[in-house]
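Colleague: Okay, so here is model-v4.pdb, and as you'll see once you scroll down, it has PDB, C-alpha atoms, pLDDT in the B column.
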ATOM      1  CA  MET O  13     264.328  31.313 193.026  1.00 85.00           C
ATOM      2  CA  LEU O  14     266.967  28.650 192.275  1.00 94.00           C
ATOM      3  CA  ASP O  15     266.278  25.743 189.943  1.00 96.00           C
ATOM      4  CA  HIS O  16     268.979  23.110 189.427  1.00 98.00           C
ATOM      5  CA  SER O  17     269.075  20.422 186.765  1.00 97.00           C
ATOM      6  CA  HIS O  18     271.714  17.996 185.559  1.00 94.00           C
ATOM      7  CA  ILE O  19     271.866  16.907 181.931  1.00 91.00           C
ATOM      8  CA  PRO O  20     274.140  13.901 181.253  1.00 86.00           C
ATOM      9  CA  GLU O  21     277.087  14.695 178.952  1.00 82.00           C
ATOM     10  CA  THR O  22     276.194  18.382 179.132  1.00 88.00           C
ATOM     11  CA  GLY O  23     276.509  19.423 182.737  1.00 91.00           C
ATOM     12  CA  HIS O  24     274.814  21.280 185.563  1.00 95.00           C
ATOM     13  CA  LEU O  25     272.456  24.207 184.992  1.00 97.00           C
ATOM     14  CA  LEU O  26     271.283  26.539 187.739  1.00 98.00           C
ATOM     15  CA  TRP O  27     268.612  29.100 186.875  1.00 98.00           C
ATOM     16  CA  ILE O  28     268.228  31.975 189.325  1.00 95.00           C
ATOM     17  CA  ASP O  29     265.257  34.338 189.132  1.00 90.00           C
ATOM     18  CA  LYS O  30     265.722  37.952 190.204  1.00 78.00           C
ATOM     19  CA  PRO O  31     269.352  37.674 191.250  1.00 81.00           C
ATOM     20  CA  GLY O  32     270.419  40.636 193.320  1.00 74.00           C
ATOM     21  CA  ALA O  33     266.914  41.296 194.641  1.00 70.00           C
ATOM     22  CA  SER O  34     265.465  38.213 196.319  1.00 82.00           C
ATOM     23  CA  PHE O  35     268.607  36.177 195.691  1.00 90.00           C
ATOM     24  CA  LYS O  36     271.933  37.783 196.585  1.00 90.00           C
ATOM     25  CA  ILE O  37     275.109  37.233 194.584  1.00 90.00           C
ATOM     26  CA  ASP O  38     278.502  37.930 196.124  1.00 89.00           C
ATOM     27  CA  VAL O  39     282.158  37.528 195.222  1.00 89.00           C
ATOM     28  CA  HIS O  40     284.166  35.903 197.985  1.00 90.00           C
ATOM     29  CA  VAL O  41     287.956  36.056 198.117  1.00 89.00           C
ATOM     30  CA  GLY O  42     289.471  33.397 200.340  1.00 87.00           C
ATOM     31  CA  ARG O  43     290.812  29.888 200.287  1.00 87.00           C
ATOM     32  CA  GLY O  44     289.379  26.855 202.006  1.00 89.00           C
ATOM     33  CA  GLY O  45     287.862  24.865 199.162  1.00 92.00           C
ATOM     34  CA  ILE O  46     284.380  24.333 197.779  1.00 95.00           C
ATOM     35  CA  ALA O  47     282.992  22.917 201.032  1.00 95.00           C
ATOM     36  CA  SER O  48     284.012  26.072 202.873  1.00 96.00           C
ATOM     37  CA  ALA O  49     282.559  28.381 200.207  1.00 96.00           C
ATOM     38  CA  ALA O  50     279.343  26.345 200.091  1.00 97.00           C
ATOM     39  CA  ALA O  51     278.966  26.484 203.872  1.00 97.00           C
ATOM     40  CA  LEU O  52     279.477  30.252 203.834  1.00 96.00           C
ATOM     41  CA  ALA O  53     276.785  30.711 201.188  1.00 97.00           C
ATOM     42  CA  HIS O  54     274.367  28.404 202.979  1.00 96.00           C
ATOM     43  CA  ARG O  55     274.800  30.185 206.312  1.00 96.00           C
ATOM     44  CA  LYS O  56     273.653  33.369 204.606  1.00 95.00           C
ATOM     45  CA  ALA O  57     270.632  31.692 203.003  1.00 95.00           C
ATOM     46  CA  LYS O  58     267.276  32.344 204.653  1.00 92.00           C
ATOM     47  CA  THR O  59     265.319  29.971 202.420  1.00 92.00           C
ATOM     48  CA  GLY O  60     267.857  27.156 202.229  1.00 92.00           C
ATOM     49  CA  LYS O  61     268.744  27.991 198.621  1.00 96.00           C
ATOM     50  CA  SER O  62     272.403  28.621 197.842  1.00 98.00           C
ATOM     51  CA  PHE O  63     275.241  27.868 195.465  1.00 98.00           C
ATOM     52  CA  ALA O  64     278.997  28.285 195.233  1.00 97.00           C
ATOM     53  CA  ILE O  65     281.252  28.115 192.193  1.00 96.00           C
ATOM     54  CA  ASN O  66     284.929  28.810 191.593  1.00 93.00           C
ATOM     55  CA  GLY O  67     286.023  32.154 190.219  1.00 90.00           C
ATOM     56  CA  THR O  68     288.703  33.012 187.680  1.00 85.00           C
ATOM     57  CA  PHE O  69     292.333  32.412 188.549  1.00 82.00           C
ATOM     58  CA  PHE O  70     295.591  31.220 187.049  1.00 74.00           C
ATOM     59  CA  TYR O  71     298.089  28.530 188.020  1.00 69.00           C
ATOM     60  CA  ALA O  72     299.656  28.940 191.467  1.00 70.00           C
ATOM     61  CA  GLY O  73     296.383  30.447 192.653  1.00 76.00           C
ATOM     62  CA  ARG O  74     296.826  33.922 191.194  1.00 77.00           C
ATOM     63  CA  LEU O  75     293.724  35.971 190.517  1.00 80.00           C
ATOM     64  CA  LEU O  76     293.117  36.612 186.821  1.00 75.00           C
ATOM     65  CA  GLY O  77     290.758  39.383 185.853  1.00 75.00           C
ATOM     66  CA  ASP O  78     288.932  41.925 187.993  1.00 80.00           C
ATOM     67  CA  VAL O  79     287.682  40.980 191.446  1.00 86.00           C
ATOM     68  CA  LEU O  80     285.564  43.493 193.352  1.00 85.00           C
ATOM     69  CA  THR O  81     284.008  42.078 196.517  1.00 86.00           C
ATOM     70  CA  LEU O  82     280.623  43.213 197.746  1.00 70.00           C
ATOM     71  CA  SER O  83     281.879  44.514 201.093  1.00 67.00           C
ATOM     72  CA  GLY O  84     285.541  44.884 200.234  1.00 74.00           C
ATOM     73  CA  HIS O  85     287.779  46.363 197.594  1.00 82.00           C
ATOM     74  CA  LEU O  86     289.060  45.764 194.101  1.00 82.00           C
ATOM     75  CA  HIS O  87     291.791  43.139 194.221  1.00 81.00           C
ATOM     76  CA  LEU O  88     294.782  43.762 191.979  1.00 70.00           C
ATOM     77  CA  THR O  89     295.300  40.820 189.672  1.00 69.00           C
ATOM     78  CA  SER O  90     297.960  39.121 187.606  1.00 65.00           C
ATOM     79  CA  GLU O  91     296.572  40.737 184.431  1.00 62.00           C
ATOM     80  CA  PRO O  92     296.596  44.480 185.223  1.00 55.00           C
ATOM     81  CA  LYS O  93     297.139  45.675 181.658  1.00 55.00           C
ATOM     82  CA  ALA O  94     294.546  43.691 179.748  1.00 55.00           C
ATOM     83  CA  ARG O  95     293.401  45.680 176.721  1.00 55.00           C
ATOM     84  CA  LYS O  96     289.811  44.978 177.603  1.00 64.00           C
ATOM     85  CA  ARG O  97     288.258  43.913 180.853  1.00 74.00           C
ATOM     86  CA  PHE O  98     285.150  41.774 180.871  1.00 83.00           C
ATOM     87  CA  GLY O  99     283.314  39.674 183.391  1.00 90.00           C
ATOM     88  CA  PHE O 100     280.223  39.229 185.527  1.00 93.00           C
ATOM     89  CA  ALA O 101     278.979  41.927 187.885  1.00 92.00           C
ATOM     90  CA  ILE O 102     276.100  43.075 190.066  1.00 89.00           C
ATOM     91  CA  THR O 103     275.230  46.724 189.487  1.00 90.00           C
ATOM     92  CA  LEU O 104     274.424  49.294 192.170  1.00 89.00           C
ATOM     93  CA  PHE O 105     270.762  48.620 191.309  1.00 88.00           C
ATOM     94  CA  ASP O 106     271.225  44.915 192.176  1.00 85.00           C
ATOM     95  CA  GLN O 107     270.981  43.799 188.556  1.00 87.00           C
ATOM     96  CA  PRO O 108     273.295  41.133 187.109  1.00 89.00           C
ATOM     97  CA  THR O 109     275.267  42.138 184.040  1.00 93.00           C
ATOM     98  CA  ILE O 110     278.044  40.946 181.770  1.00 93.00           C
ATOM     99  CA  TYR O 111     280.395  43.866 181.360  1.00 90.00           C
ATOM    100  CA  GLU O 112     283.092  44.759 178.862  1.00 84.00           C
ATOM    101  CA  ARG O 113     285.142  47.893 179.330  1.00 77.00           C
ATOM    102  CA  ALA O 114     288.146  49.561 177.780  1.00 71.00           C
ATOM    103  CA  LEU O 115     291.441  49.750 179.627  1.00 65.00           C
ATOM    104  CA  LEU O 116     290.959  51.519 182.953  1.00 63.00           C
ATOM    105  CA  PRO O 117     293.353  53.642 185.036  1.00 64.00           C
ATOM    106  CA  GLU O 118     296.201  51.622 186.495  1.00 65.00           C
ATOM    107  CA  ALA O 119     296.390  53.595 189.747  1.00 72.00           C
ATOM    108  CA  PRO O 120     294.755  51.299 192.341  1.00 68.00           C
ATOM    109  CA  LYS O 121     292.594  54.024 193.888  1.00 76.00           C
ATOM    110  CA  ASP O 122     291.374  55.297 190.514  1.00 79.00           C
ATOM    111  CA  LEU O 123     290.692  51.791 189.271  1.00 78.00           C
ATOM    112  CA  GLU O 124     288.771  50.852 192.397  1.00 82.00           C
ATOM    113  CA  ALA O 125     286.753  54.068 192.337  1.00 85.00           C
ATOM    114  CA  SER O 126     285.759  53.416 188.723  1.00 83.00           C
ATOM    115  CA  TYR O 127     284.413  49.972 189.558  1.00 85.00           C
ATOM    116  CA  ARG O 128     282.746  50.927 192.826  1.00 88.00           C
ATOM    117  CA  ALA O 129     280.888  53.743 191.054  1.00 89.00           C
ATOM    118  CA  THR O 130     279.185  51.108 188.906  1.00 89.00           C
ATOM    119  CA  TYR O 131     279.148  47.723 190.665  1.00 90.00           C
ATOM    120  CA  HIS O 132     278.480  46.158 194.035  1.00 87.00           C
ATOM    121  CA  ALA O 133     280.472  43.115 193.012  1.00 88.00           C
ATOM    122  CA  ALA O 134     282.454  42.097 189.945  1.00 90.00           C
ATOM    123  CA  LEU O 135     284.439  39.097 188.816  1.00 90.00           C
ATOM    124  CA  GLY O 136     286.614  39.110 185.718  1.00 87.00           C
ATOM    125  CA  GLY O 137     286.019  36.345 183.188  1.00 86.00           C
ATOM    126  CA  LEU O 138     288.437  34.155 181.278  1.00 81.00           C
ATOM    127  CA  GLY O 139     286.496  34.282 178.008  1.00 82.00           C
ATOM    128  CA  ARG O 140     283.462  36.045 176.579  1.00 88.00           C
ATOM    129  CA  LEU O 141     280.972  33.505 175.232  1.00 93.00           C
ATOM    130  CA  LEU O 142     277.924  35.513 174.159  1.00 96.00           C
ATOM    131  CA  SER O 143     277.438  39.205 173.459  1.00 95.00           C
ATOM    132  CA  GLY O 144     274.030  40.553 172.503  1.00 96.00           C
ATOM    133  CA  GLY O 145     272.899  37.071 171.542  1.00 97.00           C
ATOM    134  CA  LYS O 146     275.907  36.418 169.292  1.00 96.00           C
ATOM    135  CA  ASN O 147     278.474  33.675 169.801  1.00 95.00           C
ATOM    136  CA  VAL O 148     281.795  35.488 170.268  1.00 91.00           C
ATOM    137  CA  ALA O 149     283.721  32.669 171.925  1.00 87.00           C
ATOM    138  CA  GLY O 150     286.198  32.406 169.078  1.00 76.00           C
ATOM    139  CA  SER O 151     287.528  35.940 169.426  1.00 72.00           C
ATOM    140  CA  ALA O 152     287.100  36.979 173.056  1.00 62.00           C
ATOM    141  CA  THR O 153     289.503  35.054 175.262  1.00 65.00           C
ATOM    142  CA  LEU O 154     291.700  36.733 177.839  1.00 60.00           C
ATOM    143  CA  LYS O 155     295.440  36.266 177.420  1.00 58.00           C
ATOM    144  CA  ASP O 156     297.485  35.088 180.351  1.00 52.00           C
ATOM    145  CA  ASN O 157     300.324  37.287 181.567  1.00 52.00           C
ATOM    146  CA  SER O 158     302.854  35.606 179.278  1.00 50.00           C
ATOM    147  CA  GLY O 159     300.756  36.563 176.251  1.00 50.00           C
ATOM    148  CA  GLN O 160     299.451  33.076 175.501  1.00 50.00           C
ATOM    149  CA  PHE O 161     295.860  32.320 174.676  1.00 55.00           C
ATOM    150  CA  PHE O 162     294.082  29.528 176.478  1.00 59.00           C
ATOM    151  CA  LEU O 163     293.768  27.081 173.612  1.00 62.00           C
ATOM    152  CA  ASP O 164     290.391  25.717 172.596  1.00 65.00           C
ATOM    153  CA  ASP O 165     291.436  22.079 172.898  1.00 64.00           C
ATOM    154  CA  ALA O 166     293.110  22.593 176.261  1.00 65.00           C
ATOM    155  CA  ILE O 167     289.920  24.088 177.640  1.00 70.00           C
ATOM    156  CA  ARG O 168     287.829  21.248 176.257  1.00 73.00           C
ATOM    157  CA  LYS O 169     289.826  18.640 178.167  1.00 73.00           C
ATOM    158  CA  THR O 170     288.452  19.842 181.487  1.00 76.00           C
ATOM    159  CA  SER O 171     285.205  21.094 182.962  1.00 80.00           C
ATOM    160  CA  ARG O 172     284.427  24.805 182.814  1.00 84.00           C
ATOM    161  CA  PRO O 173     281.914  27.019 184.609  1.00 92.00           C
ATOM    162  CA  ALA O 174     280.120  29.940 182.984  1.00 95.00           C
ATOM    163  CA  LEU O 175     277.711  32.701 183.989  1.00 97.00           C
ATOM    164  CA  GLY O 176     275.058  34.048 181.640  1.00 97.00           C
ATOM    165  CA  ILE O 177     271.976  36.277 181.590  1.00 97.00           C
ATOM    166  CA  ASP O 178     268.820  35.940 179.506  1.00 96.00           C
ATOM    167  CA  THR O 179     266.514  38.691 178.219  1.00 92.00           C
ATOM    168  CA  SER O 180     264.367  38.603 181.369  1.00 91.00           C
ATOM    169  CA  GLY O 181     267.378  39.112 183.633  1.00 90.00           C
ATOM    170  CA  ARG O 182     267.593  35.555 184.895  1.00 93.00           C
ATOM    171  CA  LEU O 183     271.044  34.251 185.743  1.00 96.00           C
ATOM    172  CA  LEU O 184     272.263  30.900 184.410  1.00 98.00           C
ATOM    173  CA  VAL O 185     275.156  29.208 186.181  1.00 97.00           C
ATOM    174  CA  PHE O 186     276.420  26.529 183.810  1.00 96.00           C
ATOM    175  CA  VAL O 187     279.091  23.915 184.476  1.00 93.00           C
ATOM    176  CA  ALA O 188     279.909  21.957 181.322  1.00 88.00           C
ATOM    177  CA  THR O 189     281.009  18.485 182.378  1.00 80.00           C
ATOM    178  CA  GLU O 190     280.895  14.773 181.874  1.00 66.00           C
ATOM    179  CA  LYS O 191     281.677  13.902 178.303  1.00 67.00           C
ATOM    180  CA  GLU O 192     282.080  10.165 177.800  1.00 64.00           C
ATOM    181  CA  THR O 193     285.529  10.564 176.244  1.00 65.00           C
ATOM    182  CA  PRO O 194     287.990  10.969 179.132  1.00 61.00           C
ATOM    183  CA  ALA O 195     290.237  13.260 177.082  1.00 61.00           C
ATOM    184  CA  HIS O 196     287.358  15.652 176.399  1.00 64.00           C
ATOM    185  CA  LYS O 197     285.384  16.015 179.621  1.00 69.00           C
ATOM    186  CA  GLY O 198     284.111  19.492 178.896  1.00 74.00           C
ATOM    187  CA  MET O 199     283.058  21.576 175.924  1.00 84.00           C
ATOM    188  CA  ARG O 200     284.934  24.000 173.734  1.00 83.00           C
ATOM    189  CA  PRO O 201     283.994  27.615 174.531  1.00 85.00           C
ATOM    190  CA  ALA O 202     281.988  27.862 171.304  1.00 88.00           C
ATOM    191  CA  GLU O 203     280.026  24.767 172.328  1.00 89.00           C
ATOM    192  CA  MET O 204     279.368  26.259 175.754  1.00 92.00           C
ATOM    193  CA  ALA O 205     278.102  29.403 174.046  1.00 94.00           C
ATOM    194  CA  ASP O 206     275.791  27.368 171.805  1.00 95.00           C
ATOM    195  CA  ALA O 207     274.411  25.425 174.779  1.00 95.00           C
ATOM    196  CA  MET O 208     273.648  28.613 176.704  1.00 97.00           C
ATOM    197  CA  GLN O 209     272.276  30.426 173.659  1.00 98.00           C
ATOM    198  CA  ALA O 210     269.878  27.539 173.015  1.00 97.00           C
ATOM    199  CA  ARG O 211     268.452  28.181 176.482  1.00 97.00           C
ATOM    200  CA  GLY O 212     267.797  31.858 175.865  1.00 97.00           C
ATOM    201  CA  VAL O 213     271.005  33.344 177.254  1.00 98.00           C
ATOM    202  CA  THR O 214     272.163  36.460 175.399  1.00 98.00           C
ATOM    203  CA  ASP O 215     275.314  37.465 177.313  1.00 98.00           C
ATOM    204  CA  ALA O 216     277.792  35.152 179.029  1.00 97.00           C
ATOM    205  CA  VAL O 217     281.375  34.683 180.198  1.00 94.00           C
ATOM    206  CA  PHE O 218     283.212  31.564 181.255  1.00 88.00           C
ATOM    207  CA  LEU O 219     285.460  31.332 184.288  1.00 89.00           C
ATOM    208  CA  ASP O 220     288.676  29.501 184.987  1.00 81.00           C
ATOM    209  CA  GLY O 221     288.281  25.979 186.242  1.00 73.00           C
ATOM    210  CA  GLY O 222     289.977  23.067 184.595  1.00 73.00           C
ATOM    211  CA  GLY O 223     291.004  20.520 187.170  1.00 78.00           C
ATOM    212  CA  SER O 224     289.789  22.852 189.895  1.00 83.00           C
ATOM    213  CA  THR O 225     286.238  23.390 188.635  1.00 89.00           C
ATOM    214  CA  SER O 226     283.958  23.222 191.667  1.00 93.00           C
ATOM    215  CA  LEU O 227     280.214  23.566 192.240  1.00 95.00           C
ATOM    216  CA  ALA O 228     277.936  23.217 195.253  1.00 97.00           C
ATOM    217  CA  VAL O 229     274.160  23.621 195.410  1.00 98.00           C
ATOM    218  CA  ASN O 230     272.274  24.004 198.689  1.00 98.00           C
ATOM    219  CA  ASP O 231     275.424  23.106 200.647  1.00 97.00           C
ATOM    220  CA  LYS O 232     275.915  19.861 198.685  1.00 97.00           C
ATOM    221  CA  VAL O 233     279.143  19.543 196.696  1.00 96.00           C
ATOM    222  CA  LEU O 234     278.345  18.323 193.173  1.00 94.00           C
ATOM    223  CA  VAL O 235     281.649  18.997 191.391  1.00 91.00           C
ATOM    224  CA  LYS O 236     284.955  19.114 193.242  1.00 88.00           C
ATOM    225  CA  GLY O 237     288.238  20.056 191.644  1.00 82.00           C
ATOM    226  CA  GLY O 238     291.476  18.364 192.618  1.00 76.00           C
ATOM    227  CA  ASN O 239     293.248  20.911 194.809  1.00 79.00           C
ATOM    228  CA  ASP O 240     290.215  23.100 195.372  1.00 84.00           C
ATOM    229  CA  SER O 241     291.732  24.637 198.505  1.00 85.00           C
ATOM    230  CA  SER O 242     294.072  26.596 196.205  1.00 85.00           C
ATOM    231  CA  ILE O 243     291.194  28.446 194.511  1.00 89.00           C
ATOM    232  CA  PRO O 244     291.496  32.109 195.554  1.00 89.00           C
ATOM    233  CA  CYS O 245     288.040  33.441 194.653  1.00 91.00           C
ATOM    234  CA  TRP O 246     284.437  32.274 194.493  1.00 93.00           C
ATOM    235  CA  VAL O 247     281.011  33.328 193.335  1.00 93.00           C
ATOM    236  CA  ILE O 248     278.392  32.562 195.966  1.00 95.00           C
ATOM    237  CA  GLY O 249     274.640  33.035 195.886  1.00 94.00           C
ATOM    238  CA  TYR O 250     271.991  32.742 198.570  1.00 95.00           C
ATOM    239  CA  GLY O 251     268.308  33.479 198.992  1.00 93.00           C
TER     240      GLY O 251
END
Kindly return the structure encoded in the file as structure tokens.

Modeller:
Amino acid sequence: MLDHSHIPETGHLLWIDKPGASFKIDVHVGRGGIASAAALAHRKAKTGKSFAINGTFFYAGRLLGDVLTLSGHLHLTSEPKARKRFGFAITLFDQPTIYERALLPEAPKDLEASYRATYHAALGGLGRLLSGGKNVAGSATLKDNSGQFFLDDAIRKTSRPALGIDTSGRLLVFVATEKETPAHKGMRPAEMADAMQARGVTDAVFLDGGGSTSLAVNDKVLVKGGNDSSIPCWVIGYG
């Protein structure tokens, strides 16, 4: 159901079989830090298996990308006019997917209706890593609201989480961490894509993180960002 491993100088890998069916995935909007998100996920777990990971956001705790909560609504974000929207979602049939869509209606009700007609939950990504088995990390990075790209080297200096799906529908939660060189703790997006592709992942996105990258497995915090209480959204899973 949930298999966790840690590879030195690579990071943490969580494989989840049948996500959405026997193992629920949700998007949680709320502050409180990784310990709070982990406790929430673990309370929902019937088998003792759970995880929590930070979502995508921008400095000052602003949401970046689409956020549709399982029991709530689409949250308007700081990037409402992105030319393309992409991210991780759970479909109405409880299947995980990496989505990419053209610009949607800006009217909040129309935008929400479009997402809710397709997904139970959705979380916008910061960068597309893999698409149909191809490494697309070099050309699929969301711009921030000032029009700047998140630079490859800047991303490499800090840890980053990613979500990916293999051909059998398994979900891989990957946190690239722990390089020996202090100035390059994480991987470049293309390196993250290669690492996930080598493990059979065909479609993946990476999330915001940097100094706030956070991960908990079975209610145990494994990676804690600096000011993690400022993180506005989370992905939680429980079985």

Colleague: Which residue is closest to Ser126 of chain O? Choose from O:Leu52, O:His16, O:His85, O:Asp106 and count all atoms listed in the file.

Modeller: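 Among the listed residues, the smallest separation from Ser126 of chain O belongs to O:His85.
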
Colleague: Which of these, O:Ser62, O:Thr81, O:Asn147, O:Thr214, has the shortest distance to Val41 of chain O once you count all atoms listed in the file?

Modeller: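 The answer is O:Thr81, which sits nearest to Val41 of chain O.
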
Colleague: Go through O:Glu112, O:Gly67, O:Arg182, O:Thr130 one by one, measure the shortest atom-to-atom distance of each to Ser224 of chain O using all atoms listed in the file, and give the residue with the smallest value.

Modeller: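 Among O:Glu112, O:Gly67, O:Arg182, O:Thr130, it is O:Gly67 that comes nearest to Ser224 of chain O.
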
Colleague: Mind giving me the straight-line distance from atom CA of Thr189 of chain O to atom CA of Arg168 of chain O in Å, one decimal?

Modeller: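 So the two atoms, atom CA of Thr189 of chain O and atom CA of Arg168 of chain O, lie 9.6 Å apart.
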
Colleague: Which is closest to Leu142 of chain O among O:Ile46, O:Ala205, O:Ala64, O:Leu86, if we use only C-alpha atoms?

Modeller: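 The closest residue to Leu142 of chain O is O:Ala205.
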
Colleague: Just to confirm, what's the straight-line distance from atom CA of Val39 of chain O to atom CA of Arg113 of chain O in Å (one decimal)?

Modeller: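 Here the two named atoms are 19.2 Å from each other.
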
Colleague: With only C-alpha atoms as the atoms that count, which of O:Tyr131, O:Phe218, O:Tyr111, O:Phe186 lies nearest to Gly84 of chain O?

Modeller: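 The closest residue to Gly84 of chain O is O:Tyr131.
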
Colleague: I'd like the neighbourhood of Pro244 of chain O as a list in words, where a residue qualifies if any of its atoms comes within 7 Å (using all atoms listed in the file), though same-chain residues fewer than 4 positions away should be ignored.

Modeller: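 Surrounding residues, per the criterion: Val41, Gly42, Arg43, Gly73 and Leu75 of chain O.
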
Colleague: Apply the PyMOL selection byres ((chain O and resi 82) around 12) to the structure shown and report the selected residues as a VMD selection string.

Modeller: chain O and resid 32 36 to 41 79 to 81 83 to 87 101 to 104 106 127 to 128 130 to 135 247 to 249

Colleague: To one decimal place, how far is atom CA of Phe70 of chain O from atom CA of Tyr250 of chain O in Å?

Modeller: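 Separation of atom CA of Phe70 of chain O and atom CA of Tyr250 of chain O: 26.3 Å.
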
Colleague: Ranking O:Gly60, O:Pro108, O:Gly136, O:Gly150 by minimum distance to Leu76 of chain O and counting all atoms listed in the file, which one comes first?

Modeller: O:Gly136

Colleague: Could you please give me, as a ChimeraX atom specification, the residues of protein, DNA or RNA lying at most 8 Å from (281.3, 23.6, 185.1) in the coordinate frame of the file, considering all atoms listed in the file?

Modeller: /O:23-24,171-174,186-189,198,221,225-227,235

Colleague: Build an axis-aligned box that encloses every atom of segment 202-219 of chain O listed in the file, pad it by 5 Å on each side, and report its centre and edge lengths in Å to one decimal, as JSON.

Modeller:
{"center_x": 276.6, "center_y": 31.1, "center_z": 177.8, "size_x": 27.7, "size_y": 22.7, "size_z": 23.0}

Colleague: Starting from the shown file, work through the PyMOL selection byres ((chain O and resi 137) around 8) and note down what comes out as a list in words.

Modeller: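 So the PyMOL selection byres ((chain O and resi 137) around 8) ends up selecting Thr68, Leu76, Gly77, Asp78, Phe98, Gly99, Phe100, Leu135, Gly136, Leu138, Gly139, Arg140, Leu154, Val217, Phe218, Leu219 and Asp220 of chain O.
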
Colleague: Please dump the current selection as a short mmCIF file (atom, residue, chain, number, x, y, z; two decimals), in the coordinates of the input; keep C-alpha atoms.

Modeller:
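Output (again-v6.cif):
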data_model
loop_
_atom_site.label_atom_id
_atom_site.label_comp_id
_atom_site.auth_asym_id
_atom_site.auth_seq_id
_atom_site.Cartn_x
_atom_site.Cartn_y
_atom_site.Cartn_z
CA THR O 68 288.70 33.01 187.68
CA LEU O 76 293.12 36.61 186.82
CA GLY O 77 290.76 39.38 185.85
CA ASP O 78 288.93 41.92 187.99
CA PHE O 98 285.15 41.77 180.87
CA GLY O 99 283.31 39.67 183.39
CA PHE O 100 280.22 39.23 185.53
CA LEU O 135 284.44 39.10 188.82
CA GLY O 136 286.61 39.11 185.72
CA LEU O 138 288.44 34.16 181.28
CA GLY O 139 286.50 34.28 178.01
CA ARG O 140 283.46 36.04 176.58
CA LEU O 154 291.70 36.73 177.84
CA VAL O 217 281.38 34.68 180.20
CA PHE O 218 283.21 31.56 181.26
CA LEU O 219 285.46 31.33 184.29
CA ASP O 220 288.68 29.50 184.99
#

Colleague: Applied to the shown file, which residues does the PyMOL selection byres ((chain O and resi 230-232) around 8) return, written as a PDB file with C-alpha atoms, in the frame of the given file?

Modeller:
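Full text of out26.pdb as output:
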ATOM      1  CA  ALA O  47     282.992  22.917 201.032  1.00 95.00           C
ATOM      2  CA  ALA O  50     279.343  26.345 200.091  1.00 97.00           C
ATOM      3  CA  ALA O  51     278.966  26.484 203.872  1.00 97.00           C
ATOM      4  CA  ALA O  53     276.785  30.711 201.188  1.00 97.00           C
ATOM      5  CA  HIS O  54     274.367  28.404 202.979  1.00 96.00           C
ATOM      6  CA  GLY O  60     267.857  27.156 202.229  1.00 92.00           C
ATOM      7  CA  LYS O  61     268.744  27.991 198.621  1.00 96.00           C
ATOM      8  CA  SER O  62     272.403  28.621 197.842  1.00 98.00           C
ATOM      9  CA  PHE O  63     275.241  27.868 195.465  1.00 98.00           C
ATOM     10  CA  ALA O 228     277.936  23.217 195.253  1.00 97.00           C
ATOM     11  CA  VAL O 229     274.160  23.621 195.410  1.00 98.00           C
ATOM     12  CA  VAL O 233     279.143  19.543 196.696  1.00 96.00           C
ATOM     13  CA  LEU O 234     278.345  18.323 193.173  1.00 94.00           C
TER      14      LEU O 234
END

Colleague: Would you list the contacts of Asp215 of chain O as a PDB file with C-alpha atoms, in the frame of the given file, taking every protein, DNA or RNA residue within 6 Å and counting only C-alpha atoms, but skipping same-chain residues closer than 2 positions in sequence?

Modeller:
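Writing done, so here's result.pdb:
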ATOM      1  CA  LEU O 142     277.924  35.513 174.159  1.00 96.00           C
ATOM      2  CA  SER O 143     277.438  39.205 173.459  1.00 95.00           C
ATOM      3  CA  GLY O 144     274.030  40.553 172.503  1.00 96.00           C
ATOM      4  CA  GLY O 176     275.058  34.048 181.640  1.00 97.00           C
ATOM      5  CA  ILE O 177     271.976  36.277 181.590  1.00 97.00           C
ATOM      6  CA  VAL O 213     271.005  33.344 177.254  1.00 98.00           C
TER       7      VAL O 213
END

Colleague: Export N, CA and C atoms of segment 60-68 of chain O from the structure just given, as a PDB file, in the first residue's frame?

Modeller:
ATOM      1  N   GLY O  60      -2.724   2.627   9.566  1.00  0.00           N
ATOM      2  CA  GLY O  60      -1.492   3.199  10.098  1.00  0.00           C
ATOM      3  C   GLY O  60      -0.539   3.700   9.040  1.00  0.00           C
ATOM      4  N   LYS O  61      -0.965   3.692   7.772  1.00  0.00           N
ATOM      5  CA  LYS O  61      -0.125   4.156   6.675  1.00  0.00           C
ATOM      6  C   LYS O  61      -0.571   5.543   6.230  1.00  0.00           C
ATOM      7  N   SER O  62       0.354   6.487   6.216  1.00  0.00           N
ATOM      8  CA  SER O  62      -0.011   7.852   5.830  1.00  0.00           C
ATOM      9  C   SER O  62       1.228   8.620   5.401  1.00  0.00           C
ATOM     10  N   PHE O  63       1.000   9.728   4.705  1.00  0.00           N
ATOM     11  CA  PHE O  63       2.093  10.641   4.394  1.00  0.00           C
ATOM     12  C   PHE O  63       1.537  12.049   4.265  1.00  0.00           C
ATOM     13  N   ALA O  64       2.422  13.014   4.359  1.00  0.00           N
ATOM     14  CA  ALA O  64       2.082  14.418   4.125  1.00  0.00           C
ATOM     15  C   ALA O  64       3.274  15.081   3.464  1.00  0.00           C
ATOM     16  N   ILE O  65       2.992  15.962   2.512  1.00  0.00           N
ATOM     17  CA  ILE O  65       4.041  16.668   1.790  1.00  0.00           C
ATOM     18  C   ILE O  65       3.526  18.054   1.433  1.00  0.00           C
ATOM     19  N   ASN O  66       4.437  19.027   1.379  1.00  0.00           N
ATOM     20  CA  ASN O  66       4.001  20.386   1.058  1.00  0.00           C
ATOM     21  C   ASN O  66       3.485  20.492  -0.366  1.00  0.00           C
ATOM     22  N   GLY O  67       2.583  21.443  -0.570  1.00  0.00           N
ATOM     23  CA  GLY O  67       2.056  21.712  -1.896  1.00  0.00           C
ATOM     24  C   GLY O  67       2.854  22.792  -2.595  1.00  0.00           C
ATOM     25  N   THR O  68       2.240  23.431  -3.576  1.00  0.00           N
ATOM     26  CA  THR O  68       2.908  24.455  -4.370  1.00  0.00           C
ATOM     27  C   THR O  68       2.462  25.838  -3.920  1.00  0.00           C
TER      28      THR O  68
END
